[in-house]
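Undergrad: After the structure tokens below, expect a handful of questions from me.
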Amino acid sequence: EEKDNNNTNNNDYDDVDVEYDVKALCCDTTCCSVVALSSEYAPLRPCLLWMDARSAAQAAKIMDVAKTHAAKKSPSRSILDAFPELRVNSHGEGPISAEWLLPKAMWIKEREPSVWEDATVICEYQDYINYKLTGKMVASSCNAAVRWHHDGVDVLNKEEDSKDGEKDEDGGRPMKLYEALGMDDLADKLPKETLAMGEVVGGLTEQAAGHLGLPVGTKVVQGGPDAFV
């Protein structure tokens, strides 16, 4: 029987003469490749790929604002005294890469305000892929610590609020930096849960399992950026 080479449906694996026993899946992706999602987790615009440098002005603005805020307290005060989260990669001296999530999020908010307003979730496309596989929206602690200015330990071990016993959803996030930049609403749009690499995100949904030709419930474990995985 002649095969239709234009058929892009990959659900039929009956003619593949290979035996395999997949225990789990793990995705690594470029970072930061930023996705804006609706309340139904549908993309609102094409993904901002890691190499998209249109947010260069926003990246420079982060350092300018950080310098200004540090100097307000004391001319001799360093940026790292004011914003220790900027120590990663640039040690508070800059520049911050336009590839990172924060400047890309700022670019969306400034240049595409309607997209920003409609976005319930701002995340890595790795997070989106894991969502499509498992139905669960979670972030990778490696992405968060190395590219999002998060504290990689605190974001995993969010301490309970002693007043009401509820967990602090902003634990480990650079809230002072967000507020200084007018980006405190970004915290509401990031994935609410963060997992370390190797932790189980969830199992394959029926739809994902059917597409991949794997059993429903096959484990999907957390990955990270391609530079580190």
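Letters A, B, ... mark the chains of the structure tokens in the order given; residue numbers begin at 1 per chain; ligand numbers begin at 1, in order shown.
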Excluding same-chain residues fewer than 3 positions from Ala144 in chain A, what lies within 12 Å of it counting only C-alpha atoms, as a PyMOL selection string?

TA: chain A and resi 31-32+85+88+100-102+123-124+127+138-141+147-156+172-174+190-191+193-197+223-225

Undergrad: Could you give me, as an NGL selection string, each residue of range 16-197 of chain A that DSSP assigns to alpha helix (DSSP H) when run on this structure's backbone?

TA: :A and (56-73 or 79-82 or 101-111 or 113-118 or 125-134 or 141-147 or 175-180 or 186-189)

Undergrad: Within 12 Å of Leu86 in chain A, counting only C-alpha atoms, which residues show up once you throw out same-chain ones fewer than 5 positions away? Write them as a PyMOL selection string, please.

TA: chain A and resi 59+62-63+66-67+78-81+91-97+102+145-151+173-174+176-178

Undergrad: List as number ranges by chain the protein and nucleic acid residues near Ser33 in chain A, meaning an atom at most 8 Å away when only C-alpha atoms are counted, but skip any in the same chain fewer than 4 places from it.

TA: A: 47-50, 99, 101, 124-125

Undergrad: Show me, as a PyMOL selection string, the residues that have an atom within 9 Å of Pro215 in chain A when counting only C-alpha atoms, minus same-chain residues fewer than 5 positions from it.

TA: chain A and resi 22+204+206+209-210

Undergrad: Looking only at the backbone, which of the residues in range 33-177 of chain A does DSSP tag as strand (DSSP E or B), as a ChimeraX atom specification?

TA: /A:34-37,43,48,121-124,138-140,160,167

Undergrad: Show which residues sit within 7 Å of range 118-120 of chain A, as a PyMOL selection string. Count only C-alpha atoms, and ignore same-chain residues fewer than 4 positions away.

TA: chain A and resi 36-39+114+189

Undergrad: Return the single residue from A:Met175, A:Met183, A:Ala82, A:Met51 that is closest to Lys109 in chain A, with distances computed using only C-alpha atoms.

TA: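 Of the candidates, the smallest distance to Lys109 in chain A is held by A:Met183.
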
Undergrad: Return the single residue from A:Lys23, A:Ala180, A:Tyr131, A:Ile122 that is closest to Phe83 in chain A, with distances computed using only C-alpha atoms.

TA: A:Ala180

Undergrad: Between CA of Val35 in chain A and CA of Gln222 in chain A, what distance in Å does the model show, to one decimal?

TA: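 Going from CA of Val35 in chain A over to CA of Gln222 in chain A covers 17.8 Å.
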